[in-house]
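Q: Please find run.tsv (TSV, C-alpha atoms) on the next line:
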chain	number	residue	atom	x	y	z
A	1066	MET	CA	76.25	191.97	-29.71
A	1067	THR	CA	73.97	194.77	-28.55
A	1068	ARG	CA	74.29	198.51	-28.92
A	1069	ASP	CA	75.27	198.84	-25.26
A	1070	SER	CA	78.06	196.26	-25.47
A	1071	PHE	CA	79.20	197.76	-28.75
A	1072	ASP	CA	79.48	201.17	-27.09
A	1073	LEU	CA	81.45	199.68	-24.20
A	1074	ASN	CA	84.00	198.14	-26.56
A	1075	HIS	CA	84.10	201.41	-28.44
A	1076	VAL	CA	84.90	203.26	-25.19
A	1077	LYS	CA	88.10	201.32	-24.70
A	1078	ASP	CA	89.94	202.68	-27.73
A	1079	VAL	CA	87.75	205.36	-29.27
A	1080	THR	CA	90.71	207.75	-29.38
A	1081	ASN	CA	92.23	205.58	-32.07
A	1082	TYR	CA	89.49	206.71	-34.43
A	1083	THR	CA	89.95	210.33	-33.51
A	1084	ASN	CA	93.60	210.07	-34.47
A	1085	GLY	CA	92.85	208.31	-37.74
A	1086	ALA	CA	93.51	204.74	-36.65
A	1087	GLY	CA	91.10	201.82	-36.63
A	1088	ASN	CA	90.25	199.03	-39.01
A	1089	THR	CA	91.79	199.86	-42.38
A	1090	ASN	CA	89.60	197.30	-44.16
A	1091	THR	CA	86.30	198.88	-43.24
A	1092	ILE	CA	84.20	200.41	-46.04
A	1093	VAL	CA	83.91	203.60	-43.95
A	1094	ASP	CA	87.40	204.84	-43.15
A	1095	ALA	CA	88.41	206.53	-39.91
A	1096	GLN	CA	88.35	210.04	-41.41
A	1097	THR	CA	84.83	209.61	-42.78
A	1098	TYR	CA	83.63	208.29	-39.45
A	1099	PHE	CA	85.35	211.24	-37.75
A	1100	TYR	CA	83.28	213.72	-39.79
A	1101	PHE	CA	80.04	211.82	-39.22
A	1102	ARG	CA	80.68	211.91	-35.50
A	1103	LEU	CA	81.53	215.58	-35.63
A	1104	ILE	CA	78.33	216.49	-37.52
A	1105	ASN	CA	75.89	214.15	-35.80
A	1106	TYR	CA	77.24	214.55	-32.27
A	1107	ALA	CA	78.46	218.14	-32.11
A	1108	ILE	CA	75.80	219.77	-34.30
A	1109	PHE	CA	72.57	217.93	-35.04
A	1110	GLY	CA	72.60	215.84	-31.89
A	1111	GLN	CA	73.14	218.80	-29.58
A	1112	ILE	CA	70.43	220.83	-31.33
A	1113	LEU	CA	67.87	218.02	-31.09
A	1114	ALA	CA	68.75	217.23	-27.47
A	1115	LEU	CA	68.46	220.89	-26.46
A	1116	PHE	CA	65.13	221.15	-28.27
A	1117	GLY	CA	63.94	218.02	-26.46
A	1118	ILE	CA	64.89	219.51	-23.10
A	1119	VAL	CA	62.83	222.63	-23.81
A	1120	THR	CA	59.76	220.77	-25.11
A	1121	ASN	CA	59.72	218.32	-22.22
A	1122	VAL	CA	60.07	221.08	-19.64
A	1123	LEU	CA	56.96	222.60	-21.22
A	1124	ASN	CA	55.20	219.22	-21.09
A	1125	ILE	CA	56.07	218.72	-17.44
A	1126	VAL	CA	54.76	222.17	-16.53
A	1127	ILE	CA	51.51	221.66	-18.44
A	1128	PHE	CA	50.75	218.18	-17.10
A	1129	ILE	CA	51.31	219.37	-13.53
A	1130	LYS	CA	48.96	222.29	-14.15
A	1131	MET	CA	46.33	219.97	-15.65
A	1132	GLY	CA	46.31	217.88	-12.51
A	1133	PHE	CA	45.94	214.14	-12.13
A	1134	LYS	CA	42.21	213.46	-12.02
A	1135	ASP	CA	42.74	211.76	-15.35
A	1136	PRO	CA	45.18	208.84	-14.81
A	1137	VAL	CA	46.64	209.23	-18.31
A	1138	ASN	CA	48.18	212.56	-17.24
A	1139	ILE	CA	50.33	210.68	-14.72
A	1140	SER	CA	51.68	208.35	-17.39
A	1141	LEU	CA	52.33	211.22	-19.79
A	1142	LEU	CA	54.09	213.19	-17.05
A	1143	GLY	CA	56.28	210.16	-16.33
A	1144	LEU	CA	57.02	209.89	-20.05
A	1145	SER	CA	57.93	213.58	-20.27
A	1146	ILE	CA	60.28	213.29	-17.29
A	1147	SER	CA	62.11	210.30	-18.78
A	1148	ASP	CA	62.32	212.03	-22.17
A	1149	PHE	CA	63.69	215.16	-20.49
A	1150	PHE	CA	66.48	213.24	-18.78
A	1151	SER	CA	67.26	211.17	-21.87
A	1152	CYS	CA	67.86	214.45	-23.74
A	1153	LEU	CA	69.78	216.04	-20.87
A	1154	THR	CA	72.15	213.09	-20.48
A	1155	MET	CA	72.56	212.89	-24.25
A	1156	ILE	CA	73.93	216.44	-24.40
A	1157	TRP	CA	76.76	215.39	-22.09
A	1158	SER	CA	77.18	212.10	-23.94
A	1159	TYR	CA	77.43	213.90	-27.28
A	1160	LEU	CA	80.01	216.28	-25.83
A	1161	THR	CA	82.23	213.49	-24.49
A	1162	ARG	CA	82.18	211.87	-27.97
A	1163	THR	CA	82.89	215.08	-29.90
A	1164	PRO	CA	86.39	214.93	-31.49
A	1165	GLY	CA	87.46	218.43	-30.41
A	1166	PHE	CA	86.42	217.87	-26.81
A	1167	MET	CA	88.13	214.47	-26.70
A	1168	GLU	CA	91.43	216.04	-27.74
A	1169	MET	CA	91.39	218.63	-24.95
A	1170	GLU	CA	93.65	218.27	-21.92
A	1171	LEU	CA	91.18	217.50	-19.16
A	1172	SER	CA	91.34	216.13	-15.64
A	1173	PHE	CA	89.26	213.17	-16.79
A	1174	GLU	CA	89.15	210.83	-19.76
A	1175	PRO	CA	86.05	212.03	-21.68
A	1176	VAL	CA	84.67	208.85	-23.25
A	1177	GLY	CA	85.19	206.55	-20.28
A	1178	THR	CA	83.80	209.12	-17.86
A	1179	GLY	CA	80.91	209.85	-20.17
A	1180	TYR	CA	80.12	206.15	-20.35
A	1181	LEU	CA	79.05	206.09	-16.70
A	1182	THR	CA	77.82	209.66	-16.29
A	1183	ALA	CA	76.01	210.10	-19.60
A	1184	THR	CA	75.77	207.04	-21.85
A	1185	TRP	CA	74.37	204.63	-19.27
A	1186	PRO	CA	72.01	207.20	-17.70
A	1187	HIS	CA	70.74	207.85	-21.23
A	1188	PHE	CA	70.22	204.11	-21.80
A	1189	ILE	CA	68.32	203.92	-18.52
A	1190	PHE	CA	65.91	206.72	-19.36
A	1191	ILE	CA	65.41	205.39	-22.89
A	1192	LYS	CA	64.35	202.07	-21.38
A	1193	ILE	CA	61.99	203.91	-19.03
A	1194	THR	CA	60.51	205.75	-22.00
A	1195	SER	CA	60.01	202.43	-23.77
A	1196	GLY	CA	58.33	200.88	-20.75
A	1197	ILE	CA	55.97	203.80	-20.14
A	1198	THR	CA	55.06	203.98	-23.84
A	1199	ALA	CA	54.10	200.30	-23.78
A	1200	PHE	CA	52.10	200.82	-20.61
A	1201	ILE	CA	50.25	203.87	-21.96
A	1202	THR	CA	49.29	201.92	-25.08
A	1203	LEU	CA	48.08	199.01	-22.93
A	1204	GLU	CA	46.07	201.39	-20.79
A	1205	ARG	CA	44.27	202.81	-23.84
A	1206	CYS	CA	43.60	199.28	-25.12
A	1207	LEU	CA	41.82	198.53	-21.87
A	1208	CYS	CA	39.93	201.82	-22.07
A	1209	VAL	CA	38.43	201.10	-25.48
A	1210	THR	CA	37.96	197.37	-24.84
A	1211	PHE	CA	36.29	197.67	-21.43
A	1212	PRO	CA	34.83	201.20	-21.40
A	1213	LEU	CA	32.27	200.44	-18.68
A	1214	LYS	CA	34.76	198.87	-16.27
A	1215	ILE	CA	37.80	201.01	-16.98
A	1216	LYS	CA	37.40	203.27	-13.94
A	1217	GLU	CA	37.68	200.20	-11.74
A	1218	ILE	CA	40.69	198.84	-13.61
A	1219	ILE	CA	42.69	201.99	-14.31
A	1220	THR	CA	42.78	204.18	-11.22
A	1221	THR	CA	45.03	207.14	-10.46
A	1222	LYS	CA	46.73	205.21	-7.67
A	1223	ARG	CA	47.44	202.18	-9.85
A	1224	VAL	CA	48.81	204.23	-12.73
A	1225	LEU	CA	51.07	206.11	-10.31
A	1226	ILE	CA	52.33	202.83	-8.83
A	1227	VAL	CA	53.02	201.34	-12.26
A	1228	THR	CA	54.79	204.48	-13.51
A	1229	ILE	CA	57.02	204.72	-10.45
A	1230	GLY	CA	57.51	200.96	-10.60
A	1231	ILE	CA	58.87	201.19	-14.16
A	1232	TYR	CA	61.43	203.76	-13.00
A	1233	LEU	CA	62.48	201.64	-10.01
A	1234	ILE	CA	62.73	198.38	-11.95
A	1235	VAL	CA	64.89	199.91	-14.68
A	1236	PHE	CA	67.15	201.68	-12.18
A	1237	ALA	CA	67.56	198.51	-10.15
A	1238	SER	CA	68.31	196.44	-13.26
A	1239	ALA	CA	71.07	198.85	-14.29
A	1240	SER	CA	72.66	199.21	-10.85
A	1241	PRO	CA	75.18	196.34	-11.30
A	1242	ILE	CA	76.80	198.34	-14.11
A	1243	TYR	CA	77.91	200.87	-11.52
A	1244	TYR	CA	79.37	198.11	-9.42
A	1245	VAL	CA	81.60	196.58	-12.10
A	1246	ASN	CA	82.43	199.91	-13.79
A	1247	ARG	CA	83.75	202.75	-11.69
A	1248	LEU	CA	85.39	206.13	-12.01
A	1249	ALA	CA	88.87	206.42	-10.49
A	1250	PHE	CA	92.34	207.66	-11.31
A	1251	LEU	CA	93.72	205.65	-14.19
A	1252	PRO	CA	96.87	203.58	-13.50
A	1253	ASN	CA	100.05	205.67	-13.68
A	1254	LYS	CA	98.00	208.74	-14.67
A	1255	THR	CA	96.60	211.82	-12.99
A	1256	VAL	CA	93.29	211.78	-14.84
A	1257	ILE	CA	90.03	210.14	-13.84
A	1258	GLY	CA	88.69	207.47	-16.12
A	1259	LEU	CA	86.78	204.21	-16.34
A	1260	VAL	CA	88.14	201.27	-14.34
A	1261	PHE	CA	86.72	197.77	-13.97
A	1262	THR	CA	86.31	195.24	-11.20
A	1263	GLU	CA	87.68	191.74	-11.62
A	1264	ASN	CA	84.26	190.18	-12.10
A	1265	ARG	CA	83.11	192.67	-14.73
A	1266	ASP	CA	83.36	190.09	-17.53
A	1267	GLU	CA	80.98	187.81	-15.65
A	1268	ILE	CA	78.34	190.37	-14.61
A	1269	GLU	CA	78.29	192.95	-17.38
A	1270	PRO	CA	77.33	190.65	-20.30
A	1271	ILE	CA	74.16	189.68	-18.42
A	1272	ILE	CA	73.17	193.31	-17.87
A	1273	LEU	CA	74.06	194.25	-21.44
A	1274	SER	CA	71.93	191.41	-22.76
A	1275	LEU	CA	69.03	192.49	-20.57
A	1276	PHE	CA	69.27	196.15	-21.54
A	1277	GLY	CA	70.40	195.71	-25.11
A	1278	THR	CA	68.16	192.90	-26.31
A	1279	VAL	CA	65.62	191.44	-23.86
A	1280	LEU	CA	64.06	194.55	-22.33
A	1281	PRO	CA	63.90	196.73	-25.46
A	1282	SER	CA	62.60	193.82	-27.55
A	1283	PHE	CA	59.84	193.13	-25.05
A	1284	THR	CA	58.67	196.74	-24.74
A	1285	PHE	CA	59.00	197.37	-28.49
A	1286	LEU	CA	56.98	194.31	-29.49
A	1287	ALA	CA	54.45	195.00	-26.73
A	1288	THR	CA	53.95	198.54	-28.02
A	1289	ILE	CA	53.41	197.26	-31.56
A	1290	LEU	CA	50.93	194.62	-30.36
A	1291	PHE	CA	48.96	197.03	-28.16
A	1292	THR	CA	48.91	199.64	-30.92
A	1293	ILE	CA	47.51	197.16	-33.44
A	1294	ILE	CA	44.86	196.03	-30.96
A	1295	LEU	CA	44.03	199.64	-30.11
A	1296	VAL	CA	43.63	200.65	-33.75
A	1297	GLN	CA	41.49	197.62	-34.60
A	1298	THR	CA	39.30	198.08	-31.54
A	1299	LEU	CA	38.83	201.75	-32.32
A	1300	LYS	CA	37.75	200.92	-35.86
A	1301	LYS	CA	35.20	198.38	-34.65
A	1302	ASN	CA	33.84	200.70	-31.97
A	1303	LEU	CA	33.57	203.62	-34.36
A	1304	ALA	CA	31.83	201.48	-36.98
A	1305	TRP	CA	29.33	200.20	-34.43
A	1306	ARG	CA	28.65	203.64	-32.98
A	1307	ASN	CA	28.17	205.14	-36.42
A	1308	LYS	CA	25.41	202.60	-37.07
A	1309	VAL	CA	23.51	203.43	-33.90
A	1310	THR	CA	24.15	207.18	-33.90
A	1311	THR	CA	22.07	209.64	-35.84
A	1312	THR	CA	22.83	212.99	-34.26
A	1313	LYS	CA	25.93	215.02	-34.81
A	1314	GLU	CA	26.24	215.75	-31.11
A	1315	SER	CA	26.75	212.08	-30.31
A	1316	ASP	CA	29.29	211.54	-33.10
A	1317	PRO	CA	31.92	209.17	-31.62
A	1318	SER	CA	34.72	211.14	-33.23
A	1319	THR	CA	34.05	213.85	-30.66
A	1320	SER	CA	34.27	211.40	-27.77
A	1321	ARG	CA	37.03	212.27	-25.37
A	1322	ASP	CA	38.11	208.64	-25.00
A	1323	VAL	CA	38.39	208.28	-28.75
A	1324	LYS	CA	40.47	211.46	-29.00
A	1325	VAL	CA	42.82	210.31	-26.26
A	1326	ALA	CA	43.14	206.89	-27.89
A	1327	LYS	CA	44.01	208.48	-31.22
A	1328	MET	CA	46.61	210.64	-29.50
A	1329	ILE	CA	48.18	207.57	-27.87
A	1330	VAL	CA	48.24	205.81	-31.25
A	1331	LEU	CA	50.24	208.73	-32.69
A	1332	ILE	CA	52.64	208.63	-29.74
A	1333	SER	CA	53.11	204.89	-30.27
A	1334	ILE	CA	53.62	205.29	-34.02
A	1335	LEU	CA	56.29	207.93	-33.40
A	1336	PHE	CA	58.00	205.60	-30.92
A	1337	ILE	CA	57.83	202.59	-33.25
A	1338	SER	CA	59.13	204.61	-36.20
A	1339	CYS	CA	62.10	205.98	-34.28
A	1340	PHE	CA	63.06	202.72	-32.59
A	1341	SER	CA	62.56	200.31	-35.47
A	1342	PRO	CA	66.07	200.94	-36.90
A	1343	VAL	CA	67.84	200.17	-33.61
A	1344	MET	CA	65.81	197.00	-33.10
A	1345	PHE	CA	66.60	195.86	-36.64
A	1346	LEU	CA	70.29	196.65	-36.19
A	1347	THR	CA	70.42	194.91	-32.80
A	1348	PHE	CA	69.34	191.59	-34.31
A	1349	PHE	CA	71.35	192.18	-37.47
A	1350	MET	CA	74.49	192.55	-35.37
A	1351	LEU	CA	73.70	189.23	-33.69
A	1352	ALA	CA	73.32	187.55	-37.10
A	1353	VAL	CA	76.29	189.19	-38.86
A	1354	PRO	CA	79.46	188.95	-36.73
A	1355	GLU	CA	81.35	191.50	-38.83
A	1356	PHE	CA	79.05	194.23	-37.51
A	1357	ARG	CA	80.99	194.34	-34.26
A	1358	LYS	CA	84.12	195.74	-32.62
A	1359	GLY	CA	87.02	194.80	-34.85
A	1360	GLY	CA	84.78	193.69	-37.71
A	1361	ILE	CA	85.16	195.01	-41.24
A	1362	TYR	CA	81.87	196.90	-40.89
A	1363	GLU	CA	82.71	198.41	-37.52
A	1364	ASN	CA	82.79	202.03	-38.63
A	1365	VAL	CA	79.65	201.55	-40.70
A	1366	THR	CA	77.85	200.39	-37.57
A	1367	LEU	CA	79.19	203.33	-35.58
A	1368	VAL	CA	77.94	205.73	-38.24
A	1369	VAL	CA	74.51	204.07	-38.18
A	1370	PHE	CA	74.44	204.40	-34.40
A	1371	SER	CA	75.12	208.11	-34.69
A	1372	PHE	CA	71.86	208.39	-36.67
A	1373	ILE	CA	70.03	206.11	-34.25
A	1374	TYR	CA	70.86	208.48	-31.41
A	1375	LEU	CA	69.31	211.28	-33.48
A	1376	LEU	CA	66.13	209.23	-33.86
A	1377	GLU	CA	65.99	208.75	-30.10
A	1378	MET	CA	66.17	212.52	-29.66
A	1379	ILE	CA	63.44	213.02	-32.26
A	1380	ASN	CA	61.16	210.61	-30.40
A	1381	ALA	CA	61.85	212.43	-27.13
A	1382	SER	CA	61.23	215.87	-28.63
A	1383	LEU	CA	58.13	215.72	-30.82
A	1384	ASN	CA	55.42	214.51	-28.45
A	1385	ILE	CA	54.58	218.09	-27.55
A	1386	PHE	CA	53.15	218.63	-31.04
A	1387	ILE	CA	50.96	215.55	-30.69
A	1388	TYR	CA	49.70	216.70	-27.30
A	1389	TYR	CA	48.97	220.22	-28.50
A	1390	ASN	CA	47.13	219.19	-31.65
A	1391	ARG	CA	45.28	216.16	-30.28
A	1392	SER	CA	44.39	217.10	-26.71
A	1393	SER	CA	42.01	220.03	-26.20
A	1394	ASN	CA	42.78	220.05	-22.46
A	1395	TYR	CA	46.52	220.20	-23.07
A	1396	LYS	CA	46.08	222.95	-25.66
A	1397	ALA	CA	43.86	224.99	-23.34
A	1398	ALA	CA	46.33	224.66	-20.45
A	1399	PHE	CA	49.26	225.49	-22.74
A	1400	ASP	CA	47.54	228.55	-24.20
A	1401	LYS	CA	46.54	229.80	-20.75
A	1402	THR	CA	50.06	229.35	-19.38
A	1403	PHE	CA	52.11	230.66	-22.28
A	1404	LYS	CA	49.70	232.64	-24.45
A	1405	GLY	CA	47.35	234.17	-21.91
A	1406	GLY	CA	44.35	232.26	-23.29
A	1407	LYS	CA	41.34	231.09	-21.29
A	1408	ALA	CA	41.42	227.64	-19.81
A	1409	ARG	CA	38.80	225.10	-20.76
A	1410	CYS	CA	40.17	222.17	-18.76
Do you think you could lay out the structure here as structure tokens?

A:
Amino acid sequence: MTRDSFDLNHVKDVTNYTNGAGNTNTIVDAQTYFYFRLINYAIFGQILALFGIVTNVLNIVIFIKMGFKDPVNISLLGLSISDFFSCLTMIWSYLTRTPGFMEMELSFEPVGTGYLTATWPHFIFIKITSGITAFITLERCLCVTFPLKIKEIITTKRVLIVTIGIYLIVFASASPIYYVNRLAFLPNKTVIGLVFTENRDEIEPIILSLFGTVLPSFTFLATILFTIILVQTLKKNLAWRNKVTTTKESDPSTSRDVKVAKMIVLISILFISCFSPVMFLTFFMLAVPEFRKGGIYENVTLVVFSFIYLLEMINASLNIFIYYNRSSNYKAAFDKTFKGGKARC
């Protein structure tokens, strides 16, 4: 069972937990889970998501100002846009899962409505972030492996096509979810909520498997592989250049390509660190059936997921510090735009 399918099952009767019901055998009781959800969703989650929105707006502005002569700026802009929307949709998702909000008398059922308008859009942009991160790491691997041919391999047009392609592929892959799950007036009620088509049980498991296991596993492992290759190649190149270099001016550590590669390594490490727990839990849930809806560890898993969402927000929020401290062009553009400094781009 994946995180996405777990969330869907959780949508169906999440109000039971709010009212103190749920599995009485679980090692985390309903009240404890209630407080975890209140703290992680209503407080820390909202703060991190709001912070991520601000930092990614700044990133988007700066990358547009820097221009796109350097293809990596296109990829980083695409990453900032996906991170922005993952944070924006998470604010709404957090709100629809907050106990106080769920108990309000609304014209719509919060969790079910949030599932289609917040939770799935968040999943989509997280997958886009994963795909672009893997692509950026691959791009830098090619840069340091084939430095003399890279301008022929990595062009602005190709990077733009790949970045847009990642968006389109992920959106297209998720579209069946909006066919089998729809928002409409609930039976015998005057509120809007989540309703299903008759063939939902046939279509949705395929999409959930794709989004919950196959796609994230592929991009996660690819990012790890490309990062390892990038680090090892950088070490070899630096060792070789140090042997043939005698002047300080030609020190490879000052090379722009090396600096960009190191920046991408940090971005990848941040991504790997924040997404390792969810990948571990995804496969752990497949191996241990009790970590599922109705299992004795159900609430434990839900609590863990509340922290995993925080890690996703951390990953989406902190890249600005890497850019500012590792990219002289980004720092110059940032200082000129927001501090009145002189540009050196």

Q: To one decimal in Å, tell me the separation between atom CA of Ser1195 of chain A and atom CA of Phe1283 of chain A.

A: 9.4 Å

Q: Residues at most 10 Å from Arg1265 of chain A, counting all atoms listed in the file, excluding those fewer than 5 positions away in the same chain, as an MDAnalysis selection string?

A: chainID A and resid 1241:1242 1244:1246 1260 1270

Q: Atom CA of Gly1143 of chain A to atom CA of Thr1228 of chain A: how many Å, to one decimal?

A: 6.5 Å

Q: Could you work out how far atom CA of Val1119 of chain A lies from atom CA of Lys1324 of chain A, giving the answer in Å with one decimal?

A: 25.5 Å

Q: Which is closer to Leu1181 of chain A than all the others in A:Lys1254, A:Lys1401, A:Lys1301, A:Arg1247, using only C-alpha atoms?

A: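 Between A:Lys1254, A:Lys1401, A:Lys1301, A:Arg1247, the residue approaching Leu1181 of chain A most closely is A:Arg1247.
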
Q: Pick the closest to Arg1162 of chain A from A:Gln1297, A:Thr1178, A:Ser1341, A:Thr1221: which is it, counting all atoms listed in the file?

A: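 Of A:Gln1297, A:Thr1178, A:Ser1341, A:Thr1221, the one nearest Arg1162 of chain A is A:Thr1178, counting all atoms listed in the file.
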
Q: Check the smallest atom-to-atom distance from each of A:Val1353, A:Leu1383, A:Ala1397, A:Ile1219 to Lys1134 of chain A using all atoms listed in the file, then report the winner.

A: A:Ile1219

Q: Pick the closest to Ile1129 of chain A from A:Gly1110, A:Ile1293, A:Thr1402, A:Phe1250: which is it, counting only C-alpha atoms?

A: A:Thr1402

Q: Pick out the residues sitting within 10 Å of segment 1321-1323 of chain A, and hand them over as a PyMOL selection string; count all atoms listed in the file, and ignore anything fewer than 3 positions along from it in its own chain.

A: chain A and resi 1205+1208-1209+1212+1299+1302-1303+1317-1318+1326-1329+1392-1393

Q: Could you check the closest approach to Met1155 of chain A for each of A:Tyr1098, A:Tyr1389, A:Phe1349, A:Trp1185 and tell me which residue wins, using only C-alpha atoms?

A: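 Comparing A:Tyr1098, A:Tyr1389, A:Phe1349, A:Trp1185 against Met1155 of chain A, the winner is A:Trp1185.
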
Q: Using only C-alpha atoms, find the one residue out of A:Glu1204, A:Leu1290, A:Ala1239, A:Ile1229 that sits nearest to Ile1271 of chain A.

A: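 For Ile1271 of chain A, the nearest of the candidates is A:Ala1239.
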
Q: With a distance cut-off of 7 Å and only C-alpha atoms, select the neighbouring residues of Ile1193 of chain A, excluding the residue or stretch itself and same-chain residues fewer than 3 positions from it, and output the selection as a VMD selection string.

A: chain A and resid 1147 1189 to 1190 1196 to 1197 1231 to 1232 1235
